[in-house]
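Data file: input03.txt. Format and content: compact mmCIF, C-alpha atoms.
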```txt
# COMPACT_ATOMS: atom_id res chain seq x y z
CA MET A 57 -21.47 22.93 -45.36
CA ASN A 58 -24.24 25.10 -46.79
CA LEU A 59 -26.72 23.02 -48.78
CA THR A 60 -28.92 24.93 -51.20
CA THR A 61 -31.30 23.82 -53.92
CA GLU A 62 -28.92 25.04 -56.60
CA THR A 63 -25.84 23.24 -55.27
CA MET A 64 -27.76 20.03 -54.66
CA ARG A 65 -29.45 19.86 -58.05
CA GLY A 66 -26.44 18.91 -60.17
CA PRO A 67 -26.78 17.59 -63.73
CA ALA A 68 -30.10 16.19 -64.85
CA PRO A 69 -30.36 12.45 -64.17
CA ARG A 70 -30.34 9.89 -66.97
CA ARG A 71 -32.56 7.27 -65.40
CA GLY A 72 -36.22 7.13 -64.41
CA VAL A 73 -37.07 10.44 -66.10
CA VAL A 74 -40.71 11.38 -66.68
CA PRO A 75 -40.58 13.44 -69.92
CA GLY A 76 -41.66 17.03 -69.47
CA ALA A 77 -42.39 16.57 -65.77
CA VAL A 78 -39.42 18.33 -64.20
CA ASP A 79 -39.64 21.95 -63.15
CA ARG A 80 -36.20 23.50 -63.54
CA GLY A 81 -37.12 26.58 -61.55
CA ARG A 82 -36.19 27.18 -57.93
CA THR A 83 -37.70 25.36 -55.00
CA GLY A 84 -40.55 27.24 -53.33
CA HIS A 85 -39.74 29.38 -50.28
CA GLY A 86 -41.86 31.28 -47.79
CA GLY A 87 -45.30 31.90 -49.28
CA ASP A 88 -44.53 29.48 -52.10
CA MET A 89 -44.28 26.48 -49.76
CA VAL A 90 -46.73 23.69 -50.52
CA GLN A 91 -49.41 22.91 -47.95
CA ASP A 92 -49.07 19.13 -48.19
CA LYS A 93 -47.49 16.96 -45.52
CA VAL A 94 -44.42 14.80 -46.04
CA ILE A 95 -42.30 12.36 -44.05
CA ALA A 96 -38.57 12.18 -44.79
CA ILE A 97 -36.49 9.33 -43.35
CA GLY A 98 -32.72 8.89 -43.35
CA ALA A 99 -30.82 5.73 -42.42
CA SER A 100 -27.47 4.02 -42.83
CA THR A 101 -25.97 0.98 -41.05
CA GLY A 102 -28.81 -1.18 -39.76
CA GLY A 103 -31.29 0.92 -41.71
CA PRO A 104 -33.04 -1.70 -43.87
CA GLU A 105 -34.20 -3.64 -40.80
CA ALA A 106 -35.22 -0.47 -38.92
CA ILE A 107 -37.07 0.91 -41.95
CA ALA A 108 -38.95 -2.37 -42.46
CA GLU A 109 -40.05 -2.43 -38.83
CA LEU A 110 -41.01 1.25 -38.83
CA LEU A 111 -43.09 0.95 -42.00
CA SER A 112 -44.75 -2.23 -40.76
CA LEU A 113 -45.74 -0.52 -37.52
CA SER A 114 -47.23 2.45 -39.40
CA ARG A 115 -48.75 0.46 -42.29
CA GLY A 116 -51.98 1.76 -43.81
CA ARG A 117 -52.31 4.70 -41.44
CA VAL A 118 -49.99 7.37 -42.85
CA ASP A 119 -51.61 10.25 -44.69
CA ALA A 120 -48.41 11.61 -46.24
CA PRO A 121 -45.82 10.45 -48.80
CA ILE A 122 -42.75 8.82 -47.26
CA LEU A 123 -39.36 9.73 -48.76
CA ILE A 124 -36.44 7.54 -47.72
CA CYS A 125 -32.70 7.94 -48.09
CA GLN A 126 -30.82 4.74 -47.20
CA HIS A 127 -27.06 4.75 -47.74
CA MET A 128 -26.78 2.00 -50.33
CA PRO A 129 -25.21 1.48 -53.78
CA GLY A 130 -27.31 1.58 -56.92
CA ASN A 131 -27.53 -2.13 -57.53
CA LEU A 132 -29.20 -2.73 -54.17
CA THR A 133 -31.81 0.01 -53.74
CA ALA A 134 -34.27 -1.57 -56.19
CA ILE A 135 -33.95 -4.85 -54.29
CA LEU A 136 -34.55 -3.01 -51.02
CA ALA A 137 -37.67 -1.31 -52.40
CA ALA A 138 -39.08 -4.66 -53.54
CA THR A 139 -38.23 -6.24 -50.19
CA LEU A 140 -39.93 -3.43 -48.28
CA SER A 141 -43.05 -3.78 -50.43
CA ARG A 142 -43.18 -7.50 -49.73
CA GLN A 143 -42.50 -7.15 -46.00
CA THR A 144 -44.77 -4.19 -45.26
CA GLY A 145 -47.54 -4.43 -47.83
CA LEU A 146 -46.98 -0.79 -48.73
CA PHE A 147 -46.37 0.55 -52.23
CA CYS A 148 -42.58 1.03 -52.18
CA HIS A 149 -40.41 1.81 -55.18
CA GLU A 150 -37.34 3.73 -56.27
CA ALA A 151 -38.21 7.38 -56.78
CA VAL A 152 -38.64 8.51 -60.39
CA ASP A 153 -37.48 11.95 -61.47
CA GLY A 154 -40.47 14.28 -61.93
CA GLU A 155 -43.16 12.15 -60.28
CA VAL A 156 -45.62 13.67 -57.84
CA PRO A 157 -45.41 12.06 -54.38
CA VAL A 158 -48.65 10.44 -53.22
CA ALA A 159 -49.76 10.06 -49.60
CA GLY A 160 -49.26 6.57 -48.22
CA ARG A 161 -46.63 5.57 -50.78
CA VAL A 162 -42.93 5.04 -50.10
CA TYR A 163 -40.24 6.52 -52.35
CA LEU A 164 -36.68 5.27 -51.97
CA ALA A 165 -33.70 7.30 -53.20
CA PRO A 166 -31.99 5.24 -55.95
CA GLY A 167 -28.35 4.42 -55.34
CA GLY A 168 -26.12 6.96 -57.08
CA PHE A 169 -28.68 9.78 -56.91
CA HIS A 170 -29.64 12.34 -54.29
CA LEU A 171 -33.42 12.48 -53.77
CA LEU A 172 -34.83 16.03 -53.61
CA VAL A 173 -38.25 17.69 -53.77
CA GLU A 174 -39.14 20.77 -55.79
CA ARG A 175 -42.25 22.73 -56.65
CA ARG A 176 -43.88 22.39 -60.06
CA SER A 177 -46.83 24.73 -60.45
CA ALA A 178 -48.81 24.12 -57.26
CA ARG A 179 -47.50 20.60 -56.67
CA PRO A 180 -44.34 19.07 -55.24
CA VAL A 181 -42.34 16.79 -57.52
CA LEU A 182 -39.42 14.48 -56.86
CA ARG A 183 -36.02 15.22 -58.35
CA LEU A 184 -33.02 12.92 -58.73
CA SER A 185 -29.66 14.67 -58.64
CA THR A 186 -26.16 13.60 -59.62
CA ALA A 187 -24.58 16.42 -57.63
CA PRO A 188 -21.39 15.35 -55.79
CA PRO A 189 -21.66 12.94 -52.85
CA VAL A 190 -22.28 14.44 -49.42
CA HIS A 191 -20.44 12.82 -46.49
CA PHE A 192 -19.12 10.41 -49.16
CA PHE A 193 -22.67 9.25 -49.93
CA ARG A 194 -25.03 9.62 -52.87
CA PRO A 195 -27.81 9.39 -51.93
CA ALA A 196 -27.25 11.44 -48.78
CA ILE A 197 -29.71 12.48 -46.12
CA ASP A 198 -28.72 16.14 -45.77
CA PRO A 199 -29.74 17.13 -49.33
CA LEU A 200 -33.12 15.39 -48.94
CA PHE A 201 -33.85 17.04 -45.60
CA ALA A 202 -32.72 20.47 -46.80
CA SER A 203 -34.97 20.34 -49.86
CA VAL A 204 -37.90 19.13 -47.76
CA ALA A 205 -37.35 21.99 -45.31
CA ALA A 206 -37.32 24.53 -48.14
CA LEU A 207 -40.51 23.23 -49.75
CA TYR A 208 -42.65 21.92 -46.89
CA GLY A 209 -41.45 23.91 -43.88
CA SER A 210 -43.43 23.06 -40.75
CA GLN A 211 -45.52 20.55 -42.71
CA ALA A 212 -42.66 18.02 -42.63
CA LEU A 213 -41.66 15.25 -40.26
CA GLY A 214 -38.00 14.24 -40.43
CA ILE A 215 -36.80 10.95 -38.94
CA VAL A 216 -33.16 9.89 -38.48
CA LEU A 217 -32.61 6.18 -37.94
CA THR A 218 -29.59 4.07 -37.04
CA GLY A 219 -26.32 4.73 -38.81
CA LEU A 220 -22.68 5.68 -38.57
CA GLY A 221 -21.49 9.27 -39.03
CA GLU A 222 -23.21 12.64 -39.09
CA ASP A 223 -25.25 12.67 -42.31
CA GLY A 224 -28.66 14.17 -41.56
CA THR A 225 -27.45 16.65 -38.94
CA ILE A 226 -27.25 19.68 -41.25
CA GLY A 227 -30.57 18.74 -42.83
CA ALA A 228 -32.17 18.24 -39.42
CA ARG A 229 -31.11 21.76 -38.46
CA ALA A 230 -32.70 23.07 -41.66
CA LEU A 231 -35.92 21.24 -40.82
CA THR A 232 -36.09 22.55 -37.26
CA ASP A 233 -35.25 26.07 -38.44
CA ALA A 234 -38.21 25.78 -40.83
CA GLY A 235 -40.52 24.75 -37.99
CA ALA A 236 -40.63 21.03 -38.81
CA THR A 237 -40.53 18.17 -36.33
CA VAL A 238 -37.38 16.02 -36.24
CA ALA A 239 -37.40 12.72 -34.36
CA VAL A 240 -34.50 10.29 -34.02
CA GLN A 241 -34.27 6.62 -33.16
CA ASP A 242 -33.22 5.93 -29.58
CA ARG A 243 -29.89 4.41 -28.62
CA GLN A 244 -31.43 1.20 -27.31
CA SER A 245 -33.01 0.17 -30.62
CA SER A 246 -30.28 1.53 -32.93
CA LEU A 247 -27.59 -0.77 -34.28
CA ILE A 248 -25.28 2.28 -34.37
CA TRP A 249 -26.32 5.50 -32.65
CA GLY A 250 -24.00 7.69 -34.71
CA MET A 251 -26.36 9.71 -36.92
CA PRO A 252 -29.20 9.96 -34.38
CA GLY A 253 -26.71 10.92 -31.66
CA ALA A 254 -25.16 13.60 -33.88
CA VAL A 255 -28.59 15.18 -34.43
CA VAL A 256 -29.23 15.16 -30.68
CA LYS A 257 -25.80 16.65 -29.97
CA ALA A 258 -26.52 19.44 -32.46
CA GLY A 259 -29.75 20.28 -30.65
CA ALA A 260 -31.83 19.53 -33.74
CA ALA A 261 -33.94 16.65 -32.39
CA SER A 262 -37.49 17.33 -31.25
CA GLU A 263 -37.78 13.81 -29.83
CA VAL A 264 -35.67 10.68 -29.21
CA ALA A 265 -37.90 7.66 -29.54
CA SER A 266 -38.32 3.94 -30.09
CA LEU A 267 -39.44 2.66 -33.48
CA SER A 268 -42.97 2.16 -32.16
CA ARG A 269 -43.11 5.78 -31.01
CA LEU A 270 -41.72 6.97 -34.35
CA ALA A 271 -44.46 5.00 -36.09
CA GLU A 272 -47.00 6.69 -33.83
CA LEU A 273 -45.70 10.09 -34.93
CA MET A 274 -46.03 9.02 -38.56
CA ARG A 275 -49.65 7.98 -38.00
CA LEU A 276 -50.73 11.28 -36.45
CA PRO A 277 -53.40 13.13 -38.47
CA PRO A 278 -51.88 15.81 -40.73
CA ALA A 279 -53.50 18.59 -38.69
CA ASP A 280 -52.14 17.33 -35.37
CA PRO A 281 -50.16 20.08 -33.59
CA LYS A 282 -47.45 17.56 -32.72
CA TRP A 283 -46.56 17.57 -36.42
CA CYS A 284 -46.76 21.27 -36.97
```

Would it be possible to restate this file's structure as structure tokens?
Amino acid sequence: MNLTTETMRGPAPRRGVVPGAVDRGRTGHGGDMVQDKVIAIGASTGGPEAIAELLSLSRGRVDAPILICQHMPGNLTAILAATLSRQTGLFCHEAVDGEVPVAGRVYLAPGGFHLLVERRSARPVLRLSTAPPVHFFRPAIDPLFASVAALYGSQALGIVLTGLGEDGTIGARALTDAGATVAVQDRQSSLIWGMPGAVVKAGAASEVASLSRLAELMRLPPADPKWC
């Protein structure tokens, strides 16, 4: 499957739209990449618990926006965002189409929408897409990772947590090809080591780590060479 910005975009979303905030041009490539940092996290079965622990371990010390894709239907993602805010003390909410991601805040892909990033002028913005499901999921991890790779390149950290299947593998390859770091949750702490194992099998994982080590990677200063 070849994921591109155009195929992932799909029709404009009908919810959470910031009027006039969406850039309908192409995502930046090469010299047009933004210089900001970003963390993109994908999870499925067992993900809510793993995400809560990971965010709690990294709380208050992450100098980058955190974009999360958790396989979950639309009526539950808002509840998950509120639960994560309460459990971690971080500002967590469902992503809004056209908003500019802020360092230290957590943006959760709403159920029924792929979460993407695009360039608007000199800034990244979040996009919600109703393009077809990927691996039977919407939101899916591959579209998020692919868009992050195209916009942020080596400035990104991708993390694949527990889950069944192979979603995130294609996106992880895109991230590593762009020079980004990709870390996956280890087998011991994963409820299901399907998605992390698939990334490892594909040769797209920079590191296999415990949740505490993943949190350490998230807390590294933006200029740390281990990130880029």

Non-local contacts of Ala165 of chain A (7 Å; only C-alpha atoms; under 6 positions in same chain excluded) as an mmCIF file with C-alpha atoms, keeping the file's coordinate frame:
```cif
data_model
loop_
_atom_site.group_PDB
_atom_site.id
_atom_site.type_symbol
_atom_site.label_atom_id
_atom_site.label_comp_id
_atom_site.auth_asym_id
_atom_site.auth_seq_id
_atom_site.Cartn_x
_atom_site.Cartn_y
_atom_site.Cartn_z
ATOM 1 C CA ILE A 124 -36.440 7.540 -47.720
ATOM 2 C CA CYS A 125 -32.700 7.940 -48.090
ATOM 3 C CA GLU A 150 -37.340 3.730 -56.270
ATOM 4 C CA ALA A 151 -38.210 7.380 -56.780
ATOM 5 C CA LEU A 171 -33.420 12.480 -53.770
ATOM 6 C CA PRO A 195 -27.810 9.390 -51.930
#
```

Rank nothing, just name the residue among A:Leu111, A:Ala120, A:Val173, A:Glu272 nearest to Thr139 of chain A, using all atoms listed in the file.
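Between A:Leu111, A:Ala120, A:Val173, A:Glu272, the residue approaching Thr139 of chain A most closely is A:Leu111.
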
Which residue of A:Ser203, A:Asp233, A:His127, A:Ala228 approaches Val190 of chain A most closely, using only C-alpha atoms
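Checking each of A:Ser203, A:Asp233, A:His127, A:Ala228 against Val190 of chain A, counting only C-alpha atoms, the winner is A:His127.
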
As a short mmCIF file (atom, residue, chain, number, x, y, z; two decimals) with C-alpha atoms, in the frame of the given file, please: the residues near Ser141 of chain A (cut-off 12 Å, all atoms listed in the file, same-chain neighbours under 4 positions excluded).
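Here's the written file result_16.cif:
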```cif
data_model
loop_
_atom_site.label_atom_id
_atom_site.label_comp_id
_atom_site.auth_asym_id
_atom_site.auth_seq_id
_atom_site.Cartn_x
_atom_site.Cartn_y
_atom_site.Cartn_z
CA ILE A 107 -37.07 0.91 -41.95
CA ALA A 108 -38.95 -2.37 -42.46
CA LEU A 111 -43.09 0.95 -42.00
CA SER A 112 -44.75 -2.23 -40.76
CA ARG A 115 -48.75 0.46 -42.29
CA ALA A 134 -34.27 -1.57 -56.19
CA ILE A 135 -33.95 -4.85 -54.29
CA LEU A 136 -34.55 -3.01 -51.02
CA ALA A 137 -37.67 -1.31 -52.40
CA GLY A 145 -47.54 -4.43 -47.83
CA LEU A 146 -46.98 -0.79 -48.73
CA PHE A 147 -46.37 0.55 -52.23
CA CYS A 148 -42.58 1.03 -52.18
CA HIS A 149 -40.41 1.81 -55.18
CA GLU A 150 -37.34 3.73 -56.27
CA ARG A 161 -46.63 5.57 -50.78
CA VAL A 162 -42.93 5.04 -50.10
CA TYR A 163 -40.24 6.52 -52.35
CA LEU A 164 -36.68 5.27 -51.97
#
```

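By chain and then residue number, the residues within 7 Å of Ile197 of chain A are Gly98, Cys125, Leu200, Phe201, Asp223 and Gly224 of chain A, counting all atoms listed in the file and disregarding those fewer than 3 positions away in sequence.
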
Neighbour list for Thr101 of chain A as a ChimeraX atom specification, cut-off 10 Å, all atoms listed in the file, skip fewer than 4 positions in-chain:
/A:105-106,126-128,217-221,246-251

Enter the distance from atom CA of Val158 of chain A to atom CA of Pro199 of chain A, in Å, rounded to one decimal.
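Separating atom CA of Val158 of chain A from atom CA of Pro199 of chain A is a distance of 20.4 Å.
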
Residue among A:Glu109, A:Asp92, A:Glu222, A:Asp198 lying closest to Pro180 of chain A, counting only C-alpha atoms:
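When distances to Pro180 of chain A are compared using only C-alpha atoms, the smallest one comes from A:Asp92.
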
Residues at most 8 Å from segment 260-267 of chain A, counting all atoms listed in the file, excluding those fewer than 2 positions away in the same chain, as an NGL selection string?
:A and (106 or 109-110 or 225 or 228-229 or 232 or 237-242 or 244-245 or 255-258 or 269-271)

Please measure the separation of atom CA of Lys93 of chain A and atom CA of Asp119 of chain A, giving the value in Å to one decimal.
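Taking atom CA of Lys93 of chain A and atom CA of Asp119 of chain A, their separation equals 7.9 Å.
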
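Computed from the coordinates, the atom CA of Ser177 of chain A to atom CA of Glu155 of chain A distance equals 13.1 Å.
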